[in-house]
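Novice: The structure is given below, and queries will be raised subsequently.
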Amino acid sequence: MAVANSSQYIDAYAQTFADLSEQSVAWLKQQRADALEQFTSTGFPAARDEEWRYTQISALAKTLFLPAQHSASIAVDAEWLKNYQLADAWSIVLVDGFFSAELSVLDGLPAGVVVSSLAQALAEPASAALLTDKLNQAVNFDENGFVAFNSAYFADGVWVHIPAKQVLAKPIQIVHVATQSAVAINTRTVIVADEQSEAQLIETFVGLEGAYVSVAIAEVFVGQNADVTLYKVQVESEKALHFGGTYVKQARDARFRHDNFALGGLLARSDVHTDLDQASECELNGLYLGVKRQHIDNHTRINHLKPHGISRELYKGVLDDKARGVFQGRVVVAEDAQKTDSQMNNRNLLLSNDAEADTKPQLEIYADDVKCGHGVTVGQLDEKSIFYLQSRCVDEETARNMLTFAFANEMVDKVKIKSLHDVILGQVLLRFPQEGIDKEWL
Amino acid sequence: MSASTQEINNLINQEYKQGFVTELETTTFLPGLDEDVIAKLSKIKNEPEFMLEYRLKAFRHWQTMKSPEWAFVKFDPIDYQSISYYSAPKRKEDGPKSLDEIDPQVLEAYKKLGIPLDEQERLAGVAVDAVFDSVSVATTFKGKLKDAGVIFCPISEALRDHPELIKEYLGSVVPISDNYFAALNAAVFTDGSFVYIPKGVRCPMELSTYFRINAANTGQFERTLIIADEGSHVSYLEGCTAPMRDENQLHAAVVELVAMKDAVIKYSTVQNWYPGDKNGLGGIYNFVTKRADCRGENSKVSWTQVETGSAITWKYPSCVLTGDNSVGEFYSVALTNNYQQADTGTKMIHIGKNTRSTIVSKGISAGKAQNTYRGLVKVLKSAENARNYTQCDSLLVGDQCGAHTFPYIEVKQPSAQVEHEATTSKISEDQLFFCQQRGLSAEDAVSMIVNGFCKEVFKELPMEFAVEAQALLGLSLEGSVG
């Protein structure tokens, strides 16, 4: 018996599912069938689900988003794309969820490094064999309805493999471009960084005007003593719905950093989960800016499974107009994970009477020799700081703009790739009153 | 295991000293719950007609509800038909008029608990309402309080003597449909305390209720209602204990506080229900709804709790800050050991302008216990300049226990300032070493550190309770020192 909010999708996607199933190798066919079964029984998450308490997804029930179709006729303006596509990175572009060879720039990848379409990788026996113990291994279908939905219906995505000891000189950028309206774009990304490798990756989500839904699930495997930084820049269209999930498995001594910029979309939800092995470290940073009627939801979960893990987390939110920001950060320290050191912070700035911030930091601790803490604040700009600037002949409005910008810019400044930093800075400035912010200083 | 861990364990592993059973002749209902039982209960209590209707309405609503499952506690489903809903010491025809008529066994029981009901004997300054299973057996200093205009009596008496106050206030803070256990309580509550402080009166002494579960296979469903009228002031203390038994017993209470303009209510609890044995057998399920409504401007409600007992504690003393400039406070120490589970915290709902709330929660978890702080701070759009400060600290003793923090913060007003901080750690070897190196024994050092950890909360307790609370944490050190 299908759940009400999902049954229309199961019916409408029946043909898609049959086609995808047809193309899949045996193990993948089985995974898709299991995922569909899970999706049929649970459907999309509902408000009674504690993890979705503050985020209602009734929009998915109101409109039926059909699967995006692969169409060669859709042209993406390469010049326009340059606003987002970095010149100094290898980049792979997905248009409406399908690999576009023309737009991708993958020349000069070091030998052994693979960046390719996931559909192509699954079609070739050699690479498909590599994916058997990766796909759906960092996340279960029962994690939530979107993961099950994605696992059952994804058509394409990205496969990145960085071999052992490989240190990449340039970042790899994955650009998701949405051009159509009223469609669901289902992509799956699998990133494997073998032991002692080092890589910086960027996931960029951009869209034209359309009202579409983007379901993007990524699985990241960071090998022993490897170092991976993943930036996520979400600037979907104003009418879009975005449901993103990044599920990470860190091996021993692995380092993982995730910088999450949630700027676009009408309703955007992002989940970042990471499992830490012995002495592995993770750093999760996030910035969410909500204007107009945006609803931006960020969930993170850090699972310390083994001793000596270190985690640091800082999420900042600025909410204006009628925007609503949601943050949930959960840190779980398992019984074995002694000597864990974890610190989480969430800071929210409310700029308007109609804005809302809901935040839920959580600590779940089963070991005794640990140092864990979290801090949360919700408030407005410090009156003393405004007064200080006013006493230096800065008018009040400018002072407010400067302080708001400075609050957000702390996160932008953490970005280590110059070209990416500039793209993000531009996007952040677009969403702020800019009066008084001298760009020469930045 | 290091020497210092040993000391901590000594400190935490105290025997339950209130676990005795009093042999008594009692009037006890047969187990089971239906509308007839409720009618019988209402009749035996001599309640006015409207109360029976109120109870039945609650009961019918309760039947449509499901037992909540969101809390971080685990227990087998409760069979509500196997519980007896009324048990009282057998009394003479009209009930006791004076202390002489109270069953000497009951008096003895309270004496053992250190709660003398004899006004001459006791320390002056605290009036006690003693609730034994389903009934209130004695209320002291009634006369003196009456002179001040204060009404302090068992709630069953208030139902008969002050129906107008009951009609106006009962269920006005915690409505019958509020939650599963509150609905059950509204249907079957048996006794509890009722306090009314008239306008401008500062209650001349501390008021206190001592709850004792004695009978087996019963549930205690108490109901407390405190109304502080304009400009009044009251400090109320609550204590509770139960015998050691292998079965779990249910205690589902509802406490409602109403603070009018400029009124101040201070509510302190030392909860020491039987926590079950070392293997997690037996103990009380303490599922309690406590809520205060700061209705008037400048009113203030302060909850202080020391939670050491119960197999499962599930309670969130809350403040609805309706009046402008009203203040809500919550100070809590929750200690769990062995297989105890506690899911406790508070809710602060900011509605009025310039409302302020402070939350200080200290959790100590030992053995295989799970200790959870769960709290909600909600600032509505109307609550301009609301201010909240929350601090939750957890101390872990042993590697098999858990400490969890689940705060919920919802803010719809930009001028609000909300801060939340939480830390979790164990007693640091450095601190212990520092104390020992200055000549303190290891156990004194541990005691000092644990008490220091809880100090912010203990200093909020009235003097008698502060002593009791420190003793509860520190008792086992006796005899091992010197």
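Ordering of the structure tokens sets the chain letters (A, B, ...); residue numbers start at 1 within each chain; ligands are numbered from 1 in the order shown.
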Please identify every residue of chain B that has at least one atom no more than 9 Å from any atom of chain A, counting only C-alpha atoms, and report them as a PyMOL selection string.

Specialist: chain B and resi 70+370+372+378+381+393+395-427

Novice: Keeping only N, CA and C atoms, write the selected residues as an mmCIF file, in the first residue's frame.

Specialist:
data_model
loop_
_atom_site.group_PDB
_atom_site.id
_atom_site.type_symbol
_atom_site.label_atom_id
_atom_site.label_comp_id
_atom_site.auth_asym_id
_atom_site.auth_seq_id
_atom_site.Cartn_x
_atom_site.Cartn_y
_atom_site.Cartn_z
ATOM 1 N N TRP B 70 7.943 9.427 21.375
ATOM 2 C CA TRP B 70 9.067 10.234 20.919
ATOM 3 C C TRP B 70 10.191 10.363 21.927
ATOM 4 N N GLN B 370 20.624 6.264 30.975
ATOM 5 C CA GLN B 370 20.504 7.202 29.862
ATOM 6 C C GLN B 370 19.873 8.484 30.396
ATOM 7 N N THR B 372 18.741 12.307 29.346
ATOM 8 C CA THR B 372 18.484 13.163 28.199
ATOM 9 C C THR B 372 17.930 14.510 28.638
ATOM 10 N N LYS B 378 10.561 28.685 22.621
ATOM 11 C CA LYS B 378 9.776 29.152 21.492
ATOM 12 C C LYS B 378 9.474 30.626 21.688
ATOM 13 N N LYS B 381 5.884 35.688 17.630
ATOM 14 C CA LYS B 381 6.064 36.980 16.991
ATOM 15 C C LYS B 381 5.765 38.139 17.940
ATOM 16 N N ASP B 393 24.677 21.105 30.978
ATOM 17 C CA ASP B 393 25.946 20.411 31.136
ATOM 18 C C ASP B 393 25.701 18.971 31.549
ATOM 19 N N LEU B 395 27.575 15.332 32.883
ATOM 20 C CA LEU B 395 28.756 14.709 33.455
ATOM 21 C C LEU B 395 28.579 13.205 33.283
ATOM 22 N N LEU B 396 29.579 12.555 32.705
ATOM 23 C CA LEU B 396 29.468 11.119 32.475
ATOM 24 C C LEU B 396 30.374 10.375 33.443
ATOM 25 N N VAL B 397 29.838 9.332 34.056
ATOM 26 C CA VAL B 397 30.620 8.515 34.969
ATOM 27 C C VAL B 397 30.495 7.073 34.501
ATOM 28 N N GLY B 398 31.529 6.529 33.942
ATOM 29 C CA GLY B 398 31.468 5.159 33.423
ATOM 30 C C GLY B 398 31.254 5.187 31.924
ATOM 31 N N ASP B 399 31.678 4.098 31.271
ATOM 32 C CA ASP B 399 31.654 4.127 29.821
ATOM 33 C C ASP B 399 30.438 3.446 29.213
ATOM 34 N N GLN B 400 29.450 3.123 30.048
ATOM 35 C CA GLN B 400 28.279 2.456 29.478
ATOM 36 C C GLN B 400 27.013 3.293 29.564
ATOM 37 N N CYS B 401 27.166 4.494 30.084
ATOM 38 C CA CYS B 401 25.980 5.328 30.214
ATOM 39 C C CYS B 401 25.904 6.282 29.019
ATOM 40 N N GLY B 402 24.791 6.948 28.901
ATOM 41 C CA GLY B 402 24.637 7.889 27.804
ATOM 42 C C GLY B 402 24.137 9.222 28.308
ATOM 43 N N ALA B 403 24.585 10.287 27.661
ATOM 44 C CA ALA B 403 24.080 11.622 27.994
ATOM 45 C C ALA B 403 23.710 12.293 26.690
ATOM 46 N N HIS B 404 22.515 12.793 26.613
ATOM 47 C CA HIS B 404 22.017 13.324 25.350
ATOM 48 C C HIS B 404 21.416 14.701 25.556
ATOM 49 N N THR B 405 21.542 15.506 24.555
ATOM 50 C CA THR B 405 20.991 16.857 24.641
ATOM 51 C C THR B 405 20.186 17.138 23.390
ATOM 52 N N PHE B 406 18.918 17.396 23.549
ATOM 53 C CA PHE B 406 18.058 17.681 22.401
ATOM 54 C C PHE B 406 17.300 18.993 22.581
ATOM 55 N N PRO B 407 17.942 20.100 22.380
ATOM 56 C CA PRO B 407 17.193 21.347 22.512
ATOM 57 C C PRO B 407 16.463 21.710 21.214
ATOM 58 N N TYR B 408 15.321 22.324 21.334
ATOM 59 C CA TYR B 408 14.569 22.818 20.192
ATOM 60 C C TYR B 408 14.454 24.328 20.360
ATOM 61 N N ILE B 409 14.826 25.064 19.345
ATOM 62 C CA ILE B 409 14.761 26.520 19.455
ATOM 63 C C ILE B 409 13.992 27.060 18.258
ATOM 64 N N GLU B 410 12.892 27.734 18.523
ATOM 65 C CA GLU B 410 12.071 28.264 17.437
ATOM 66 C C GLU B 410 11.856 29.743 17.688
ATOM 67 N N VAL B 411 12.339 30.563 16.777
ATOM 68 C CA VAL B 411 12.275 32.002 17.002
ATOM 69 C C VAL B 411 11.579 32.692 15.842
ATOM 70 N N LYS B 412 10.535 33.442 16.171
ATOM 71 C CA LYS B 412 9.814 34.174 15.120
ATOM 72 C C LYS B 412 9.873 35.670 15.349
ATOM 73 N N GLN B 413 10.771 36.120 16.186
ATOM 74 C CA GLN B 413 10.810 37.537 16.519
ATOM 75 C C GLN B 413 12.272 37.990 16.465
ATOM 76 N N PRO B 414 12.579 38.948 15.561
ATOM 77 C CA PRO B 414 13.983 39.312 15.364
ATOM 78 C C PRO B 414 14.625 40.013 16.551
ATOM 79 N N SER B 415 13.834 40.653 17.410
ATOM 80 C CA SER B 415 14.467 41.358 18.525
ATOM 81 C C SER B 415 14.772 40.400 19.683
ATOM 82 N N ALA B 416 14.450 39.142 19.517
ATOM 83 C CA ALA B 416 14.725 38.180 20.587
ATOM 84 C C ALA B 416 16.201 37.798 20.589
ATOM 85 N N GLN B 417 16.697 37.499 21.772
ATOM 86 C CA GLN B 417 18.061 36.995 21.900
ATOM 87 C C GLN B 417 17.968 35.618 22.543
ATOM 88 N N VAL B 418 18.386 34.630 21.826
ATOM 89 C CA VAL B 418 18.313 33.282 22.366
ATOM 90 C C VAL B 418 19.696 32.659 22.324
ATOM 91 N N GLU B 419 20.116 32.136 23.442
ATOM 92 C CA GLU B 419 21.436 31.514 23.494
ATOM 93 C C GLU B 419 21.317 30.121 24.078
ATOM 94 N N HIS B 420 22.036 29.218 23.510
ATOM 95 C CA HIS B 420 22.037 27.866 24.052
ATOM 96 C C HIS B 420 23.460 27.340 24.050
ATOM 97 N N GLU B 421 23.827 26.727 25.150
ATOM 98 C CA GLU B 421 25.166 26.159 25.236
ATOM 99 C C GLU B 421 25.089 24.804 25.905
ATOM 100 N N ALA B 422 25.825 23.865 25.429
ATOM 101 C CA ALA B 422 25.826 22.566 26.083
ATOM 102 C C ALA B 422 27.224 21.987 26.072
ATOM 103 N N THR B 423 27.561 21.292 27.141
ATOM 104 C CA THR B 423 28.845 20.600 27.166
ATOM 105 C C THR B 423 28.638 19.214 27.763
ATOM 106 N N THR B 424 29.480 18.303 27.384
ATOM 107 C CA THR B 424 29.459 16.970 27.974
ATOM 108 C C THR B 424 30.894 16.558 28.236
ATOM 109 N N SER B 425 31.163 16.090 29.432
ATOM 110 C CA SER B 425 32.529 15.654 29.724
ATOM 111 C C SER B 425 32.508 14.754 30.942
ATOM 112 N N LYS B 426 33.661 14.259 31.321
ATOM 113 C CA LYS B 426 33.729 13.510 32.569
ATOM 114 C C LYS B 426 34.512 14.337 33.580
ATOM 115 N N ILE B 427 34.542 13.874 34.839
ATOM 116 C CA ILE B 427 35.328 14.604 35.836
ATOM 117 C C ILE B 427 36.783 14.547 35.405
#

Novice: As a PyMOL selection string, please: all residues of stretch 63-289 of chain B that backbone DSSP puts in strand (DSSP E or B).

Specialist: chain B and resi 84+87-89+126-132+135-139+151-154+191+193-197+202+206-212+218+220+222-228+233-241+248-251+254-259+264-271+283-289

Novice: Write the residues of the selection above to a file with C-alpha atoms, as a compact mmCIF listing (two decimals), in the first residue's frame.

Specialist:
# COMPACT_ATOMS: atom_id res chain seq x y z
CA SER B 84 -5.65 -0.17 40.72
CA SER B 87 -5.87 2.95 47.38
CA ALA B 88 -6.21 4.63 50.74
CA PRO B 89 -5.50 3.74 54.35
CA VAL B 126 6.98 24.70 56.61
CA ALA B 127 3.38 23.59 56.22
CA VAL B 128 3.06 20.03 54.92
CA ASP B 129 0.31 18.25 52.99
CA ALA B 130 1.00 14.53 53.21
CA VAL B 131 -0.38 12.43 50.38
CA PHE B 132 -0.35 8.69 51.01
CA VAL B 135 -5.44 10.36 49.58
CA SER B 136 -4.14 13.26 51.56
CA VAL B 137 -3.76 12.10 55.15
CA ALA B 138 -2.86 15.34 56.85
CA THR B 139 -2.25 18.99 56.24
CA ILE B 151 -5.93 28.26 51.17
CA PHE B 152 -3.74 25.18 51.44
CA CYS B 153 -5.61 21.90 51.41
CA PRO B 154 -5.90 18.56 49.62
CA ASP B 191 -5.44 13.71 45.40
CA SER B 193 -2.53 19.84 46.90
CA PHE B 194 -4.46 22.97 46.23
CA VAL B 195 -3.01 26.37 47.01
CA TYR B 196 -4.58 29.76 46.63
CA ILE B 197 -2.69 32.87 47.66
CA ARG B 202 3.16 36.88 50.92
CA GLU B 206 6.96 27.44 52.89
CA LEU B 207 4.29 25.08 51.67
CA SER B 208 5.16 21.50 51.03
CA THR B 209 3.58 18.28 49.82
CA TYR B 210 5.08 14.92 50.52
CA PHE B 211 3.94 12.15 48.21
CA ARG B 212 4.30 8.57 49.27
CA THR B 218 -1.48 0.93 42.20
CA GLN B 220 -0.49 7.40 41.88
CA GLU B 222 -1.88 13.35 41.81
CA ARG B 223 -3.02 16.75 40.78
CA THR B 224 -1.65 19.97 42.13
CA LEU B 225 -3.04 23.39 41.43
CA ILE B 226 -1.40 26.55 42.68
CA ILE B 227 -2.92 29.94 42.06
CA ALA B 228 -0.99 33.04 43.03
CA HIS B 233 4.33 35.29 46.70
CA VAL B 234 4.64 31.60 47.50
CA SER B 235 7.37 29.01 47.76
CA TYR B 236 6.28 25.41 47.38
CA LEU B 237 8.24 22.24 47.95
CA GLU B 238 7.52 18.76 46.81
CA GLY B 239 9.08 15.47 47.83
CA CYS B 240 8.32 11.90 46.95
CA THR B 241 9.36 8.34 47.81
CA ASN B 248 7.05 -1.00 37.94
CA GLN B 249 4.51 1.43 39.28
CA LEU B 250 3.07 4.34 37.40
CA HIS B 251 3.05 7.86 38.72
CA VAL B 254 -0.24 16.98 36.62
CA VAL B 255 0.85 20.22 38.22
CA GLU B 256 -0.67 23.51 37.17
CA LEU B 257 0.60 26.88 38.32
CA VAL B 258 -1.12 30.17 37.62
CA ALA B 259 0.72 33.40 38.34
CA VAL B 264 5.88 35.00 42.20
CA ILE B 265 5.78 31.22 42.48
CA LYS B 266 8.80 29.19 43.38
CA TYR B 267 8.31 25.47 42.93
CA SER B 268 10.97 23.07 44.14
CA THR B 269 11.03 19.33 43.78
CA VAL B 270 13.26 16.68 45.21
CA GLN B 271 12.15 13.60 43.35
CA GLY B 283 11.02 1.29 40.06
CA ILE B 284 8.56 4.04 39.40
CA TYR B 285 7.57 5.34 35.98
CA ASN B 286 7.41 9.02 36.61
CA PHE B 287 5.43 10.56 33.74
CA VAL B 288 4.58 14.05 34.79
CA THR B 289 3.12 17.14 33.17

Novice: Report, in Å with one decimal, the straight-line distance from atom CA of A:Phe44 to atom CA of A:Gly145.

Specialist: 4.4 Å

Novice: Rounded to one decimal place, report the atom CA of A:Gly244-atom CA of A:Leu20 distance in Å.

Specialist: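 The value is 21.5 Å.
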
Novice: Skip A:Val158 itself and residues of its chain fewer than 4 positions away, then list as a PDB file with N, CA and C atoms, in the first residue's frame all residues within 6 Å of it, counting only C-alpha atoms.

Specialist:
ATOM      1  N   SER A 116      33.500  10.646 -14.601  1.00  0.00           N
ATOM      2  CA  SER A 116      32.668  10.289 -15.730  1.00  0.00           C
ATOM      3  C   SER A 116      31.198  10.262 -15.354  1.00  0.00           C
ATOM      4  N   SER A 117      30.383  10.048 -16.376  1.00  0.00           N
ATOM      5  CA  SER A 117      28.954   9.884 -16.146  1.00  0.00           C
ATOM      6  C   SER A 117      28.741   8.576 -15.397  1.00  0.00           C
ATOM      7  N   LEU A 118      27.836   8.596 -14.417  1.00  0.00           N
ATOM      8  CA  LEU A 118      27.595   7.389 -13.636  1.00  0.00           C
ATOM      9  C   LEU A 118      26.908   6.322 -14.490  1.00  0.00           C
ATOM     10  N   THR A 189      25.645  10.765  -7.181  1.00  0.00           N
ATOM     11  CA  THR A 189      27.072  10.991  -7.333  1.00  0.00           C
ATOM     12  C   THR A 189      27.824  10.043  -6.400  1.00  0.00           C
TER      13      THR A 189
END

Novice: So, with only C-alpha atoms as the atoms that count, which of B:Asp277, B:Asp34, B:Glu247, B:Asp430 lies closest to B:Arg60?

Specialist: B:Asp34

Novice: Using only C-alpha atoms, which of B:Ala215, B:Ile312, B:Met244, B:Val306 sits nearest B:Thr28?

Specialist: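 Closest to B:Thr28, using only C-alpha atoms: B:Ala215.
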
Novice: What lies within 12 Å of A:Pro125 using only C-alpha atoms, ignoring chain neighbours under 6 positions off, as a list in words?

Specialist: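 The filter keeps Ser24, Val25, Ala26, Ala119, Leu131 and Thr132 of chain A.
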
Novice: Name the residues in contact with B:Val360 at a cut-off of 9 Å, using only C-alpha atoms, excluding same-chain residues fewer than 6 positions from it; report them as a ChimeraX atom specification.

Specialist: /B:329-333,389-393,456-457

Novice: For A:Phe261, list every protein, DNA or RNA residue within 10 Å, evaluated using only C-alpha atoms, and leave out those in the same chain fewer than 3 positions away; present the list as number ranges by chain.

Specialist: A: 204, 231-235, 258, 264, 285-289, 315-316, 411-412, 424, 427-428

Novice: Those residues with N, CA and C atoms, as an mmCIF file, in the first residue's frame please?

Specialist:
data_model
loop_
_atom_site.group_PDB
_atom_site.id
_atom_site.type_symbol
_atom_site.label_atom_id
_atom_site.label_comp_id
_atom_site.auth_asym_id
_atom_site.auth_seq_id
_atom_site.Cartn_x
_atom_site.Cartn_y
_atom_site.Cartn_z
ATOM 1 N N THR A 204 28.088 22.190 -7.790
ATOM 2 C CA THR A 204 27.352 23.433 -7.996
ATOM 3 C C THR A 204 25.978 23.091 -8.563
ATOM 4 N N TYR A 231 32.956 21.237 -1.640
ATOM 5 C CA TYR A 231 32.167 22.455 -1.515
ATOM 6 C C TYR A 231 30.829 22.218 -2.185
ATOM 7 N N LYS A 232 29.766 22.690 -1.573
ATOM 8 C CA LYS A 232 28.471 22.590 -2.230
ATOM 9 C C LYS A 232 27.916 24.011 -2.376
ATOM 10 N N VAL A 233 27.682 24.399 -3.617
ATOM 11 C CA VAL A 233 27.152 25.739 -3.865
ATOM 12 C C VAL A 233 25.773 25.559 -4.479
ATOM 13 N N GLN A 234 24.756 25.820 -3.694
ATOM 14 C CA GLN A 234 23.401 25.583 -4.151
ATOM 15 C C GLN A 234 22.755 26.922 -4.491
ATOM 16 N N VAL A 235 22.658 27.203 -5.804
ATOM 17 C CA VAL A 235 21.998 28.436 -6.250
ATOM 18 C C VAL A 235 20.913 28.062 -7.257
ATOM 19 N N HIS A 258 33.481 19.792 4.523
ATOM 20 C CA HIS A 258 32.339 20.107 3.667
ATOM 21 C C HIS A 258 31.932 21.550 3.917
ATOM 22 N N GLY A 264 20.074 29.280 -2.882
ATOM 23 C CA GLY A 264 18.945 29.340 -3.810
ATOM 24 C C GLY A 264 17.797 28.446 -3.409
ATOM 25 N N ASN A 285 31.096 23.147 7.464
ATOM 26 C CA ASN A 285 30.769 24.565 7.523
ATOM 27 C C ASN A 285 29.524 24.808 6.693
ATOM 28 N N GLY A 286 28.761 25.794 7.075
ATOM 29 C CA GLY A 286 27.574 26.076 6.284
ATOM 30 C C GLY A 286 27.156 27.525 6.393
ATOM 31 N N LEU A 287 26.602 28.022 5.294
ATOM 32 C CA LEU A 287 26.013 29.359 5.306
ATOM 33 C C LEU A 287 24.686 29.269 4.588
ATOM 34 N N TYR A 288 23.622 29.712 5.233
ATOM 35 C CA TYR A 288 22.334 29.756 4.549
ATOM 36 C C TYR A 288 21.765 31.159 4.612
ATOM 37 N N LEU A 289 21.370 31.648 3.447
ATOM 38 C CA LEU A 289 20.799 32.982 3.361
ATOM 39 C C LEU A 289 19.377 32.837 2.861
ATOM 40 N N TYR A 315 27.637 26.453 11.407
ATOM 41 C CA TYR A 315 26.631 26.836 10.425
ATOM 42 C C TYR A 315 26.103 28.212 10.804
ATOM 43 N N LYS A 316 26.038 29.082 9.795
ATOM 44 C CA LYS A 316 25.520 30.420 10.066
ATOM 45 C C LYS A 316 24.351 30.706 9.151
ATOM 46 N N MET A 411 32.027 32.878 6.590
ATOM 47 C CA MET A 411 31.958 31.568 5.956
ATOM 48 C C MET A 411 32.552 31.601 4.553
ATOM 49 N N VAL A 412 32.304 32.698 3.840
ATOM 50 C CA VAL A 412 32.830 32.813 2.474
ATOM 51 C C VAL A 412 34.355 32.835 2.507
ATOM 52 N N ILE A 424 31.121 32.629 -5.138
ATOM 53 C CA ILE A 424 30.237 32.593 -3.962
ATOM 54 C C ILE A 424 30.014 33.997 -3.417
ATOM 55 N N GLN A 427 27.478 35.755 -5.395
ATOM 56 C CA GLN A 427 26.137 35.253 -5.103
ATOM 57 C C GLN A 427 25.634 35.758 -3.748
ATOM 58 N N VAL A 428 26.525 35.830 -2.780
ATOM 59 C CA VAL A 428 26.127 36.322 -1.456
ATOM 60 C C VAL A 428 25.754 37.801 -1.549
#

Novice: Need to verify the contact set: A:Phe205, 10 Å, only C-alpha atoms, exclusion of same-chain residues closer than 4 positions in sequence. Can you return it as an NGL selection string?

Specialist: :A and (84 or 94 or 174-178 or 214 or 216 or 232-237 or 242 or 262 or 264-265)

Novice: Taking the DSSP assignment computed from this structure's backbone, write out as a ChimeraX atom specification all residues of stretch 114-148 of chain A that belong to helix (DSSP H, G or I).

Specialist: /A:118-123,125-131,141-143,145-148

Novice: Kindly give the distance, in Å, that separates atom CA of A:His299 and atom CA of A:Gly245, rounded to a single decimal.

Specialist: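 Computing the Euclidean distance for atom CA of A:His299 and atom CA of A:Gly245 yields 9.2 Å.
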